[in-house]
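Everything below belongs to upload21.pdb, which stores PDB, C-alpha atoms (C1' of nucleotides).
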```
ATOM      1  CA  MET A1362      80.651 141.567  87.378
ATOM      2  CA  PRO A1363      83.434 139.078  86.619
ATOM      3  CA  THR A1364      82.431 135.595  87.596
ATOM      4  CA  LEU A1365      85.192 133.364  88.875
ATOM      5  CA  LEU A1366      85.943 130.380  86.724
ATOM      6  CA  PRO A1367      85.587 127.059  88.516
ATOM      7  CA  VAL A1368      88.771 125.138  89.155
ATOM      8  CA  THR A1369      87.488 122.072  87.403
ATOM      9  CA  ALA A1370      88.424 121.446  83.811
ATOM     10  CA  CYS A1371      86.199 123.220  81.344
ATOM     11  CA  CYS A1372      86.413 120.928  78.358
ATOM     12  CA  GLU A1373      87.536 117.609  77.035
ATOM     13  CA  PRO A1374      91.090 117.114  75.811
ATOM     14  CA  LEU A1375      91.991 119.143  72.727
ATOM     15  CA  THR A1376      93.197 116.110  70.839
ATOM     16  CA  GLN A1377      89.983 114.199  71.324
ATOM     17  CA  ALA A1378      87.242 116.157  69.607
ATOM     18  CA  PRO A1379      86.863 119.577  67.996
ATOM     19  CA  LEU A1380      86.017 122.306  70.506
ATOM     20  CA  SER A1381      82.772 124.192  70.187
ATOM     21  CA  ALA A1382      82.962 127.952  69.912
ATOM     22  CA  GLU A1383      81.747 128.268  73.486
ATOM     23  CA  GLN A1384      84.215 125.768  74.912
ATOM     24  CA  ALA A1385      87.043 127.436  73.039
ATOM     25  CA  ALA A1386      86.056 130.849  74.386
ATOM     26  CA  THR A1387      86.017 129.822  78.040
ATOM     27  CA  PHE A1388      89.255 127.863  77.783
ATOM     28  CA  ALA A1389      90.912 130.725  75.920
ATOM     29  CA  THR A1390      89.916 133.059  78.737
ATOM     30  CA  ARG A1391      91.775 130.940  81.230
ATOM     31  CA  LEU A1392      94.774 130.503  78.951
ATOM     32  CA  LYS A1393      94.929 134.244  78.302
ATOM     33  CA  ALA A1394      95.166 134.805  82.033
ATOM     34  CA  LEU A1395      98.345 132.770  82.005
ATOM     35  CA  ALA A1396      99.756 133.937  78.677
ATOM     36  CA  ASP A1397     101.552 136.992  79.973
ATOM     37  CA  PRO A1398     105.164 137.222  81.127
ATOM     38  CA  ALA A1399     104.355 139.094  84.317
ATOM     39  CA  ARG A1400     101.555 136.724  85.295
ATOM     40  CA  LEU A1401     103.653 133.666  84.548
ATOM     41  CA  ARG A1402     106.339 135.018  86.828
ATOM     42  CA  ILE A1403     103.766 135.769  89.523
ATOM     43  CA  VAL A1404     102.426 132.230  89.434
ATOM     44  CA  SER A1405     105.918 130.770  89.573
ATOM     45  CA  LEU A1406     106.851 133.082  92.433
ATOM     46  CA  LEU A1407     103.757 132.049  94.373
ATOM     47  CA  ALA A1408     104.234 128.372  93.640
ATOM     48  CA  ALA A1409     107.872 128.447  94.640
ATOM     49  CA  ALA A1410     107.287 130.433  97.830
ATOM     50  CA  ALA A1411     108.381 128.432 100.817
ATOM     51  CA  GLU A1412     105.361 129.385 102.915
ATOM     52  CA  GLY A1413     103.027 129.222  99.927
ATOM     53  CA  GLU A1414     101.781 132.721 100.606
ATOM     54  CA  VAL A1415     103.052 136.044  99.319
ATOM     55  CA  CYS A1416     101.739 139.551  99.835
ATOM     56  CA  VAL A1417     101.612 142.132  97.071
ATOM     57  CA  CYS A1418     104.385 144.201  98.567
ATOM     58  CA  ASP A1419     106.786 141.284  98.109
ATOM     59  CA  LEU A1420     106.017 141.005  94.393
ATOM     60  CA  THR A1421     106.563 144.503  93.067
ATOM     61  CA  GLU A1422     110.304 144.495  93.513
ATOM     62  CA  PRO A1423     111.218 141.124  91.922
ATOM     63  CA  LEU A1424     108.859 141.841  89.026
ATOM     64  CA  GLY A1425     110.031 145.393  88.454
ATOM     65  CA  LEU A1426     106.441 146.594  88.078
ATOM     66  CA  SER A1427     104.407 149.227  89.864
ATOM     67  CA  GLN A1428     102.037 148.218  92.644
ATOM     68  CA  PRO A1429      98.840 148.965  90.673
ATOM     69  CA  THR A1430     100.095 146.840  87.786
ATOM     70  CA  VAL A1431     100.827 143.914  90.089
ATOM     71  CA  SER A1432      97.390 144.282  91.650
ATOM     72  CA  HIS A1433      95.856 144.241  88.183
ATOM     73  CA  HIS A1434      97.644 141.030  87.229
ATOM     74  CA  LEU A1435      96.665 139.386  90.497
ATOM     75  CA  LYS A1436      93.055 140.294  89.843
ATOM     76  CA  VAL A1437      93.190 138.657  86.424
ATOM     77  CA  LEU A1438      94.769 135.539  87.880
ATOM     78  CA  HIS A1439      92.238 135.441  90.692
ATOM     79  CA  GLU A1440      89.264 135.762  88.360
ATOM     80  CA  ALA A1441      90.689 132.883  86.320
ATOM     81  CA  GLY A1442      90.868 130.721  89.439
ATOM     82  CA  LEU A1443      94.650 130.453  89.223
ATOM     83  CA  VAL A1444      95.397 132.085  92.581
ATOM     84  CA  THR A1445      93.607 132.441  95.907
ATOM     85  CA  ARG A1446      93.251 135.652  97.863
ATOM     86  CA  GLN A1447      93.204 135.984 101.632
ATOM     87  CA  LYS A1448      93.248 139.217 103.573
ATOM     88  CA  ARG A1449      94.718 139.259 107.048
ATOM     89  CA  SER A1450      94.735 142.630 108.749
ATOM     90  CA  THR A1451      96.713 145.009 106.573
ATOM     91  CA  TRP A1452      98.217 142.474 104.217
ATOM     92  CA  VAL A1453      96.649 140.460 101.407
ATOM     93  CA  TYR A1454      98.173 137.074 100.812
ATOM     94  CA  TYR A1455      98.007 135.318  97.486
ATOM     95  CA  ALA A1456      98.703 131.655  96.830
ATOM     96  CA  ALA A1457      98.908 129.529  93.711
ATOM     97  CA  VAL A1458      96.265 126.906  92.890
ATOM     98  CA  PRO A1459      98.141 123.883  91.537
ATOM     99  CA  ALA A1460      94.891 122.135  90.633
ATOM    100  CA  ALA A1461      94.061 124.900  88.158
ATOM    101  CA  LEU A1462      97.368 124.438  86.362
ATOM    102  CA  GLU A1463      96.834 120.708  86.304
ATOM    103  CA  ALA A1464      93.369 121.181  84.840
ATOM    104  CA  ILE A1465      94.816 123.227  81.989
ATOM    105  CA  ALA A1466      97.583 120.712  81.387
ATOM    106  CA  GLU A1467      95.005 117.940  81.319
ATOM    107  CA  VAL A1468      93.132 119.622  78.481
ATOM    108  CA  LEU A1469      96.285 120.209  76.468
ATOM    109  CA  ALA A1470      97.768 116.758  76.928
ATOM    110  CA  PRO A1471      95.719 114.120  78.758
ATOM    111  CA  ARG A1472      97.795 111.934  81.046
ATOM    112  CA  GLY A1473      99.170 108.913  79.259
TER     113      GLY A1473
ATOM    114  CA  MET C 930     111.975 137.443  60.424
ATOM    115  CA  PRO C 931     109.966 135.259  62.781
ATOM    116  CA  THR C 932     112.066 132.472  64.111
ATOM    117  CA  LEU C 933     110.255 129.232  64.785
ATOM    118  CA  LEU C 934     110.233 128.135  68.379
ATOM    119  CA  PRO C 935     111.766 124.720  68.935
ATOM    120  CA  VAL C 936     109.387 121.970  69.945
ATOM    121  CA  THR C 937     111.347 121.152  73.062
ATOM    122  CA  ALA C 938     110.278 122.611  76.363
ATOM    123  CA  CYS C 939     111.588 126.104  76.959
ATOM    124  CA  CYS C 940     111.763 126.176  80.733
ATOM    125  CA  GLU C 941     111.546 124.233  83.936
ATOM    126  CA  PRO C 942     108.187 123.535  85.565
ATOM    127  CA  LEU C 943     106.388 126.613  86.860
ATOM    128  CA  THR C 944     105.960 125.163  90.303
ATOM    129  CA  GLN C 945     109.636 124.440  90.730
ATOM    130  CA  ALA C 946     111.465 127.746  90.619
ATOM    131  CA  PRO C 947     110.620 131.363  89.761
ATOM    132  CA  LEU C 948     110.880 132.100  86.046
ATOM    133  CA  SER C 949     113.332 134.672  84.815
ATOM    134  CA  ALA C 950     111.975 137.541  82.776
ATOM    135  CA  GLU C 951     113.417 135.964  79.644
ATOM    136  CA  GLN C 952     111.986 132.515  80.291
ATOM    137  CA  ALA C 953     108.604 134.012  81.053
ATOM    138  CA  ALA C 954     108.653 136.010  77.813
ATOM    139  CA  THR C 955     109.395 133.040  75.575
ATOM    140  CA  PHE C 956     106.899 130.769  77.289
ATOM    141  CA  ALA C 957     104.260 133.502  77.200
ATOM    142  CA  THR C 958     104.794 133.804  73.456
ATOM    143  CA  ARG C 959     103.944 130.155  72.989
ATOM    144  CA  LEU C 960     100.987 130.327  75.361
ATOM    145  CA  LYS C 961      99.650 133.413  73.596
ATOM    146  CA  ALA C 962      99.660 131.478  70.351
ATOM    147  CA  LEU C 963      97.242 129.041  71.951
ATOM    148  CA  ALA C 964      95.208 131.492  74.019
ATOM    149  CA  ASP C 965      92.701 132.393  71.332
ATOM    150  CA  PRO C 966      89.345 130.759  70.673
ATOM    151  CA  ALA C 967      89.885 130.452  66.920
ATOM    152  CA  ARG C 968      93.340 128.965  67.288
ATOM    153  CA  LEU C 969      92.217 126.539  69.969
ATOM    154  CA  ARG C 970      89.507 125.340  67.641
ATOM    155  CA  ILE C 971      91.981 125.026  64.786
ATOM    156  CA  VAL C 972      94.320 122.894  66.857
ATOM    157  CA  SER C 973      91.470 120.673  67.999
ATOM    158  CA  LEU C 974      90.178 120.353  64.455
ATOM    159  CA  LEU C 975      93.621 119.370  63.219
ATOM    160  CA  ALA C 976      94.219 116.959  66.070
ATOM    161  CA  ALA C 977      90.860 115.294  65.609
ATOM    162  CA  ALA C 978      91.162 115.013  61.830
ATOM    163  CA  ALA C 979      91.039 111.403  60.792
ATOM    164  CA  GLU C 980      93.817 111.765  58.233
ATOM    165  CA  GLY C 981      95.762 114.146  60.436
ATOM    166  CA  GLU C 982      95.964 116.695  57.665
ATOM    167  CA  VAL C 983      93.627 119.520  56.798
ATOM    168  CA  CYS C 984      93.877 122.215  54.140
ATOM    169  CA  VAL C 985      92.915 125.821  54.740
ATOM    170  CA  CYS C 986      89.823 125.588  52.570
ATOM    171  CA  ASP C 987      88.392 122.977  54.948
ATOM    172  CA  LEU C 988      88.785 125.244  57.990
ATOM    173  CA  THR C 989      87.075 128.463  56.986
ATOM    174  CA  GLU C 990      83.583 127.042  57.027
ATOM    175  CA  PRO C 991      83.567 125.247  60.429
ATOM    176  CA  LEU C 992      85.281 128.241  62.033
ATOM    177  CA  GLY C 993      83.044 130.834  60.464
ATOM    178  CA  LEU C 994      86.030 133.047  59.649
ATOM    179  CA  SER C 995      87.354 134.501  56.448
ATOM    180  CA  GLN C 996      90.202 132.829  54.608
ATOM    181  CA  PRO C 997      92.767 135.578  55.391
ATOM    182  CA  THR C 998      91.920 135.344  59.077
ATOM    183  CA  VAL C 999      92.371 131.578  59.096
ATOM    184  CA  SER C1000      95.685 131.957  57.278
ATOM    185  CA  HIS C1001      96.775 134.475  59.873
ATOM    186  CA  HIS C1002      95.961 132.136  62.757
ATOM    187  CA  LEU C1003      97.726 129.255  61.058
ATOM    188  CA  LYS C1004     100.791 131.414  60.652
ATOM    189  CA  VAL C1005     100.817 132.231  64.351
ATOM    190  CA  LEU C1006     100.410 128.578  65.266
ATOM    191  CA  HIS C1007     103.136 127.564  62.842
ATOM    192  CA  GLU C1008     105.604 130.104  64.171
ATOM    193  CA  ALA C1009     104.911 128.810  67.665
ATOM    194  CA  GLY C1010     105.707 125.277  66.554
ATOM    195  CA  LEU C1011     102.204 124.065  67.266
ATOM    196  CA  VAL C1012     101.353 122.996  63.711
ATOM    197  CA  THR C1013     103.288 121.787  60.683
ATOM    198  CA  ARG C1014     102.876 123.067  57.158
ATOM    199  CA  GLN C1015     103.210 121.054  53.995
ATOM    200  CA  LYS C1016     102.396 122.257  50.512
ATOM    201  CA  ARG C1017     101.363 119.766  47.872
ATOM    202  CA  SER C1018     100.535 121.225  44.480
ATOM    203  CA  THR C1019      97.699 123.681  44.964
ATOM    204  CA  TRP C1020      96.795 122.799  48.510
ATOM    205  CA  VAL C1021      98.579 123.462  51.801
ATOM    206  CA  TYR C1022      98.076 120.854  54.475
ATOM    207  CA  TYR C1023      98.406 121.626  58.152
ATOM    208  CA  ALA C1024      98.793 119.103  60.965
ATOM    209  CA  ALA C1025      98.924 119.372  64.753
ATOM    210  CA  VAL C1026     102.127 118.746  66.713
ATOM    211  CA  PRO C1027     101.125 116.783  69.818
ATOM    212  CA  ALA C1028     104.637 117.033  71.256
ATOM    213  CA  ALA C1029     104.332 120.816  71.436
ATOM    214  CA  LEU C1030     101.132 120.580  73.470
ATOM    215  CA  GLU C1031     102.762 118.035  75.751
ATOM    216  CA  ALA C1032     105.755 120.318  76.237
ATOM    217  CA  ILE C1033     103.469 123.118  77.383
ATOM    218  CA  ALA C1034     101.542 120.804  79.684
ATOM    219  CA  GLU C1035     104.806 119.590  81.156
ATOM    220  CA  VAL C1036     105.789 123.113  82.147
ATOM    221  CA  LEU C1037     102.400 123.826  83.706
ATOM    222  CA  ALA C1038     102.075 120.575  85.618
ATOM    223  CA  PRO C1039     104.932 118.072  85.515
ATOM    224  CA  ARG C1040     103.603 114.546  85.871
ATOM    225  CA  GLY C1041     105.379 112.551  88.478
TER     226      GLY C1041
ATOM    227  C1'  DC T1138      97.419 131.236  26.816
ATOM    228  C1'  DC T1139      93.934 132.392  29.687
ATOM    229  C1'  DC T1140      91.236 131.347  33.526
ATOM    230  C1'  DA T1141      89.896 129.578  38.029
ATOM    231  C1'  DA T1142      90.957 128.036  42.687
ATOM    232  C1'  DC T1143      93.940 128.002  46.632
ATOM    233  C1'  DG T1144      96.458 130.449  49.927
ATOM    234  C1'  DA T1145      99.561 134.327  51.581
ATOM    235  C1'  DT T1146     100.163 139.179  52.224
ATOM    236  C1'  DC T1147      98.801 144.032  52.708
ATOM    237  C1'  DG T1148      96.244 147.928  54.574
ATOM    238  C1'  DA T1149      92.887 149.447  57.562
ATOM    239  C1'  DC T1150      89.948 149.641  61.502
ATOM    240  C1'  DG T1151      87.961 148.815  66.142
ATOM    241  C1'  DG T1152      88.690 146.757  70.440
ATOM    242  C1'  DC T1153      91.376 144.866  73.915
ATOM    243  C1'  DT T1154      95.435 145.117  77.111
ATOM    244  C1'  DG T1155      99.548 146.233  79.860
ATOM    245  C1'  DT T1156     101.390 150.051  82.129
ATOM    246  C1'  DC T1157     101.669 154.049  85.083
ATOM    247  C1'  DA T1158     100.374 158.263  88.153
ATOM    248  C1'  DA T1159      96.899 159.694  91.072
ATOM    249  C1'  DT T1160      93.413 158.739  94.267
ATOM    250  C1'  DG T1161      90.597 156.259  97.721
ATOM    251  C1'  DG T1162      89.673 152.889 101.436
ATOM    252  C1'  DT T1163      91.219 150.399 105.488
ATOM    253  C1'  DG T1164      93.584 148.624 109.319
ATOM    254  C1'  DA T1165      97.614 149.383 112.700
ATOM    255  C1'  DC T1166      99.925 152.204 115.856
ATOM    256  C1'  DG T1167     101.551 156.040 118.526
TER     257       DG T1167
ATOM    258  C1'  DC K 542      92.791 161.363 116.494
ATOM    259  C1'  DG K 543      96.340 161.711 113.090
ATOM    260  C1'  DT K 544      99.411 159.349 110.396
ATOM    261  C1'  DC K 545     101.358 155.778 107.855
ATOM    262  C1'  DA K 546     101.726 151.390 105.193
ATOM    263  C1'  DC K 547      99.268 148.280 102.261
ATOM    264  C1'  DC K 548      96.270 147.398  98.555
ATOM    265  C1'  DA K 549      92.407 148.279  95.143
ATOM    266  C1'  DT K 550      90.372 151.298  91.830
ATOM    267  C1'  DT K 551      90.211 154.917  88.413
ATOM    268  C1'  DG K 552      91.570 157.381  84.305
ATOM    269  C1'  DA K 553      94.558 157.846  80.591
ATOM    270  C1'  DC K 554      97.533 156.408  76.985
ATOM    271  C1'  DA K 555     100.270 153.673  73.750
ATOM    272  C1'  DG K 556     100.723 149.392  71.599
ATOM    273  C1'  DC K 557      99.132 145.009  70.257
ATOM    274  C1'  DC K 558      95.632 141.929  68.158
ATOM    275  C1'  DG K 559      91.705 139.823  65.649
ATOM    276  C1'  DT K 560      89.117 140.632  61.715
ATOM    277  C1'  DC K 561      87.931 141.733  57.023
ATOM    278  C1'  DG K 562      88.219 143.311  51.988
ATOM    279  C1'  DA K 563      91.348 143.681  48.364
ATOM    280  C1'  DT K 564      95.218 142.122  46.024
ATOM    281  C1'  DC K 565      99.017 139.077  44.456
ATOM    282  C1'  DG K 566     101.722 134.764  43.458
ATOM    283  C1'  DT K 567     101.160 129.929  42.108
ATOM    284  C1'  DT K 568      99.446 125.882  40.370
ATOM    285  C1'  DG K 569      96.537 123.044  37.431
ATOM    286  C1'  DG K 570      93.212 122.621  33.622
ATOM    287  C1'  DG K 571      90.715 123.863  29.424
TER     288       DG K 571
END
```
Starting from the file, lay out its structure as structure tokens.
Amino acid sequence: MPTLLPVTACCEPLTQAPLSAEQAATFATRLKALADPARLRIVSLLAAAAEGEVCVCDLTEPLGLSQPTVSHHLKVLHEAGLVTRQKRSTWVYYAAVPAALEAIAEVLAPRG
Amino acid sequence: MPTLLPVTACCEPLTQAPLSAEQAATFATRLKALADPARLRIVSLLAAAAEGEVCVCDLTEPLGLSQPTVSHHLKVLHEAGLVTRQKRSTWVYYAAVPAALEAIAEVLAPRG
DNA sequence: CCCAACGATCGACGGCTGTCAATGGTGACG
DNA sequence: CGTCACCATTGACAGCCGTCGATCGTTGGG
């Protein structure tokens, strides 16, 4: 079963030392989760939501994708630790995880 | 023909406003270039190189990949603006572009 | 002039991935 | 209890992608 990636950074900064094959694989997994137009738009929609929470039914229309496709993308994002999932009665609310984005940014370009 | 992406940031921060389909597509292209274990290792090898320049023949062995495969990855990275290419006589030297990594990081998590 | 080394390109192949229609599970409500 | 909305899962399919072997252009050296 897919194990959720921890929010914490997975490796040292890219510019510091060469990545091992294992480090590169895990970091690539997280980057791949983000490297898709639909998923980038989902994350930006979640992050920009006023209430910070959005249900799936509110995403299909602005994205122009079918409901199963949106669910699939949300699953990928969730397994990568980039969004949180919370079910309340009939609706499932997703929210962005800013710390995960910051962790990725930190690996790419450590704060100066 | 593949047009090289400019080094400058392509969009506003993710957390600020929802991305348009076009913005998401171009940013995803650049992220995809980085979201691969081999290419991540290449970038880190280039960035960590003492002289800042590495030729293809020095990359095949530490990566454990064939020369055509390494050339392919370097082409992808070059078209994404993540590495520079400079041919001197027989050898071709590649170097990392730190500004490109910083531009990506800036979109993911703007530093305040 | 021929040869060797470097690097890019081509062609091919297997695997991964984004997408949808169809289906299933679950909670709300009359 | 029946029905409906929301969401996840499944199955299928086309397209993309990472990889390699083979080949080609180029440059430098005997």
Give the centre and edge lengths of an axis-aligned box, in Å to one decimal, that holds all listed atoms of region 1138-1151 of chain T with 3 Å on each side, as JSON.
```
{"center_x": 94.1, "center_y": 138.8, "center_z": 46.5, "size_x": 18.2, "size_y": 27.6, "size_z": 45.3}
```
**Prompt:** Expanded to explicit residues, what is the PyMOL selection byres ((chain K) within 10 of (chain A)) for this file, as a PyMOL selection string?
**Reply:** chain K and resi 546-550
Could you save those same residues with C-alpha atoms (C1' of nucleotides) as an mmCIF file, in the coordinates of the input?
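And here is the file that came out, selection25.cif:
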```cif
data_model
loop_
_atom_site.group_PDB
_atom_site.id
_atom_site.type_symbol
_atom_site.label_atom_id
_atom_site.label_comp_id
_atom_site.auth_asym_id
_atom_site.auth_seq_id
_atom_site.Cartn_x
_atom_site.Cartn_y
_atom_site.Cartn_z
ATOM 1 C "C1'" DA K 546 101.726 151.390 105.193
ATOM 2 C "C1'" DC K 547 99.268 148.280 102.261
ATOM 3 C "C1'" DC K 548 96.270 147.398 98.555
ATOM 4 C "C1'" DA K 549 92.407 148.279 95.143
ATOM 5 C "C1'" DT K 550 90.372 151.298 91.830
#
```
Write out as CSV the residues of chain A that have any atom within 6 Å of an atom of chain C, one row each with the nearest atom pair and its distance in Å to one decimal, counting all atoms listed in the file, sorted by chain and then rising number.
```
residue,atom,partner,partner_atom,distance
A:Leu1375,CA,C:Ser973,CA,5.0
A:Thr1376,CA,C:Ala976,CA,5.0
A:Gln1377,CA,C:Ala977,CA,5.9
A:Ala1378,CA,C:Ala977,CA,5.5
A:Pro1379,CA,C:Ser973,CA,4.7
A:Leu1380,CA,C:Arg970,CA,5.4
A:Ala1385,CA,C:Pro966,CA,4.7
A:Ala1386,CA,C:Pro966,CA,5.0
A:Ala1389,CA,C:Ala964,CA,4.8
A:Leu1392,CA,C:Ala964,CA,5.0
A:Lys1393,CA,C:Ala964,CA,5.1
A:Ala1396,CA,C:Ala957,CA,4.8
A:Asp1397,CA,C:Ala957,CA,5.2
A:Pro1398,CA,C:Ala953,CA,4.7
A:Arg1402,CA,C:Leu948,CA,5.5
A:Ser1405,CA,C:Pro947,CA,4.7
A:Leu1406,CA,C:Pro947,CA,4.9
A:Ala1408,CA,C:Thr944,CA,4.9
A:Ala1409,CA,C:Ala946,CA,5.4
A:Leu1462,CA,C:Leu1037,CA,5.7
A:Glu1463,CA,C:Ala1038,CA,5.3
A:Ala1466,CA,C:Ala1034,CA,4.3
A:Leu1469,CA,C:Leu1030,CA,5.7
A:Ala1470,CA,C:Glu1031,CA,5.3
```
**Nearest candidate to chain T (options A:Glu1440, A:Val1458, A:Ser1427, A:Arg1446; using all atoms listed in the file)** =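 Smallest separation from chain T among the options: A:Ser1427.
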**Request:** Take C1' of DG570 (chain K) and C1' of DC1139 (chain T) and report the distance between them in Å, one decimal.
**Result:** 10.6 Å
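When only C-alpha atoms (C1' of nucleotides) are used to measure the gap to chain T, the shortest distance among A:His1434, A:Glu1414, A:Gly1442, A:Tyr1454 belongs to A:His1434.
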**Message:** Please find the residues of chain T near chain C - the criterion being any atom within 9 Å, counting all atoms listed in the file - and write them as JSON, numbers by chain.
**Reply:** {"T": [1142, 1143, 1144, 1145, 1146]}
**Request:** Run through the PyMOL selection byres ((chain T and resi 1159) around 10) on the given coordinates and return the selected residues as a PyMOL selection string.
**Result:** (chain T and resi 1157-1158+1160-1161) or (chain K and resi 551-552)
**Item:** CA of Glu1412 (chain A) to CA of Gln1447 (chain A), straight-line distance in Å
**Value:** 13.9 Å
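Here C1' of DC545 (chain K) is placed at a distance of 19.3 Å from CA of Thr1421 (chain A).
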**Item:** Residues matched by the PyMOL selection byres ((chain K and resi 560-566) around 7), written as a ChimeraX atom specification
**Value:** /C:998 /K:559,567
